[in-house]
Amino acid sequence: MYCAANFDDIKQALEHIKEENPKTMIIAAGTSMGGNLLAGYLAATGNDSLIDAAFTVSVLWDCVRGTKNLDEGWLNPKISQQLCKMLVRLVRRHQHIFEQYPEFVAGDLERVKTIRDFDELFTRKVVMG
């Protein structure tokens with residue numbers, strides 16, 4: 001499951017690329033949350049990074065303040081609701097996987113209306129423990 005603080009999958013993919021193509025330069029680009037993940041990987045790995053060059057576009061510098069914007073304006077709440085519907089459908093499709101975790105309560109999905117709800121009722125409880 002996704003966690004913005006974890007970039008193990010990025011590291012694994014980069015290691016595979018380097019193993020298969022040791023002389024290949026890797027240039028990475030990250031947009032929005034992907035940019036945050038890329039920046040987190042680069043910050044954590046420093047000079048040991050497997051990326052030769054990188055750039056980020058439209059990243060949040062302050063994730064706490066940035067997420068507050070999901071509830072403001074006329075468009076952001078609509079985007080939040082659509083993302084939320086997709087996330088809930090995804091969890092329901094794979095519910096059999098999450099049922100092994102005691103923190104997972106299928107009924108909580110009925111209460112989810114916004115990304116913030118999803119984070120409170122699912123991500124923090126099930127993914128983060």
# chains A, B, ... in the order shown; residues from 1 in each chain; ligands from 1
>>> select_by_dssp(residues="range 55-98 of chain A", states="alpha helix (DSSP H)", output="JSON, numbers by chain")
{"A": [63, 64, 65, 66, 67, 68, 76, 77, 78, 79, 80, 81, 82, 83, 84, 85, 86, 87, 88, 89, 90, 91, 92, 93, 95, 96, 97, 98]}
>>> write_last_selection(atoms="C-alpha atoms", output="JSON list (two decimals), in the first residue's frame")
[["chain", "number", "residue", "atom", "x", "y", "z"],
["A", 63, "CYS", "CA", 2.13, 19.00, 2.79],
["A", 64, "VAL", "CA", 0.04, 19.93, 5.83],
["A", 65, "ARG", "CA", -0.91, 23.35, 4.42],
["A", 66, "GLY", "CA", -1.26, 21.90, 0.93],
["A", 67, "THR", "CA", -3.79, 19.28, 1.99],
["A", 68, "LYS", "CA", -5.94, 22.00, 3.53],
["A", 76, "ASN", "CA", -10.55, 21.21, -5.26],
["A", 77, "PRO", "CA", -13.46, 19.69, -3.27],
["A", 78, "LYS", "CA", -14.77, 18.12, -6.49],
["A", 79, "ILE", "CA", -11.34, 16.66, -7.28],
["A", 80, "SER", "CA", -11.07, 15.38, -3.71],
["A", 81, "GLN", "CA", -14.45, 13.66, -3.98],
["A", 82, "GLN", "CA", -13.55, 11.97, -7.28],
["A", 83, "LEU", "CA", -10.17, 10.78, -5.96],
["A", 84, "CYS", "CA", -11.94, 9.52, -2.87],
["A", 85, "LYS", "CA", -14.48, 7.51, -4.90],
["A", 86, "MET", "CA", -11.66, 5.89, -6.87],
["A", 87, "LEU", "CA", -9.73, 5.01, -3.70],
["A", 88, "VAL", "CA", -12.79, 3.50, -2.04],
["A", 89, "ARG", "CA", -13.51, 1.41, -5.17],
["A", 90, "LEU", "CA", -9.90, 0.21, -5.16],
["A", 91, "VAL", "CA", -10.05, -0.83, -1.51],
["A", 92, "ARG", "CA", -13.38, -2.59, -2.01],
["A", 93, "ARG", "CA", -11.98, -4.46, -5.03],
["A", 95, "GLN", "CA", -11.04, -5.93, 0.42],
["A", 96, "HIS", "CA", -10.07, -9.59, 0.91],
["A", 97, "ILE", "CA", -6.46, -8.45, 1.37],
["A", 98, "PHE", "CA", -7.29, -5.80, 3.97]]
>>> select_by_dssp(residues="chain A", states="strand (DSSP E or B)", output="mmCIF file with N, CA, C and O atoms, in the first residue's frame")
data_model
loop_
_atom_site.group_PDB
_atom_site.id
_atom_site.type_symbol
_atom_site.label_atom_id
_atom_site.label_comp_id
_atom_site.auth_asym_id
_atom_site.auth_seq_id
_atom_site.Cartn_x
_atom_site.Cartn_y
_atom_site.Cartn_z
ATOM 1 N N ILE A 27 17.658 9.552 -15.432
ATOM 2 C CA ILE A 27 17.131 10.890 -15.213
ATOM 3 C C ILE A 27 15.687 10.722 -14.774
ATOM 4 O O ILE A 27 14.903 10.046 -15.440
ATOM 5 N N ALA A 28 15.345 11.291 -13.647
ATOM 6 C CA ALA A 28 14.011 11.108 -13.076
ATOM 7 C C ALA A 28 13.252 12.424 -13.041
ATOM 8 O O ALA A 28 13.831 13.482 -12.811
ATOM 9 N N ALA A 29 11.950 12.319 -13.256
ATOM 10 C CA ALA A 29 11.059 13.477 -13.140
ATOM 11 C C ALA A 29 9.895 13.079 -12.245
ATOM 12 O O ALA A 29 9.392 11.960 -12.325
ATOM 13 N N GLY A 30 9.486 13.988 -11.393
ATOM 14 C CA GLY A 30 8.357 13.723 -10.520
ATOM 15 C C GLY A 30 7.414 14.904 -10.499
ATOM 16 O O GLY A 30 7.842 16.052 -10.410
ATOM 17 N N THR A 31 6.128 14.617 -10.620
ATOM 18 C CA THR A 31 5.109 15.657 -10.613
ATOM 19 C C THR A 31 4.199 15.467 -9.411
ATOM 20 O O THR A 31 3.802 14.342 -9.105
ATOM 21 N N ALA A 53 20.339 12.550 -12.553
ATOM 22 C CA ALA A 53 19.774 13.899 -12.643
ATOM 23 C C ALA A 53 18.274 13.793 -12.375
ATOM 24 O O ALA A 53 17.650 12.768 -12.677
ATOM 25 N N ALA A 54 17.712 14.840 -11.803
ATOM 26 C CA ALA A 54 16.291 14.793 -11.470
ATOM 27 C C ALA A 54 15.694 16.188 -11.468
ATOM 28 O O ALA A 54 16.402 17.177 -11.283
ATOM 29 N N PHE A 55 14.381 16.238 -11.697
ATOM 30 C CA PHE A 55 13.659 17.486 -11.509
ATOM 31 C C PHE A 55 12.242 17.174 -11.053
ATOM 32 O O PHE A 55 11.713 16.103 -11.310
ATOM 33 N N THR A 56 11.681 18.101 -10.301
ATOM 34 C CA THR A 56 10.323 17.951 -9.811
ATOM 35 C C THR A 56 9.477 19.119 -10.300
ATOM 36 O O THR A 56 9.980 20.218 -10.517
ATOM 37 N N VAL A 57 8.197 18.855 -10.466
ATOM 38 C CA VAL A 57 7.264 19.865 -10.951
ATOM 39 C C VAL A 57 6.027 19.851 -10.058
ATOM 40 O O VAL A 57 5.504 18.779 -9.732
#
>>> residues_around(residues="Ile10 in chain A", least_positions_apart="2", cutoff="12 Å", atoms="only C-alpha atoms", output="PyMOL selection string")
chain A and resi 2+4-8+12-17+28+30+34+37-42+45+49-51
>>> atom_distance(atom1="CA of Lys23 in chain A", atom2="CA of Asn36 in chain A")
26.7 Å
>>> closest_residue(among="A:Ala106, A:Met33, A:Val126, A:Gly73", to="Ser58 in chain A", atoms="only C-alpha atoms")
A:Met33
>>> closest_residue(among="A:Trp61, A:Phe122, A:Lys18, A:Leu109", to="Gly35 in chain A", atoms="only C-alpha atoms")
A:Trp61
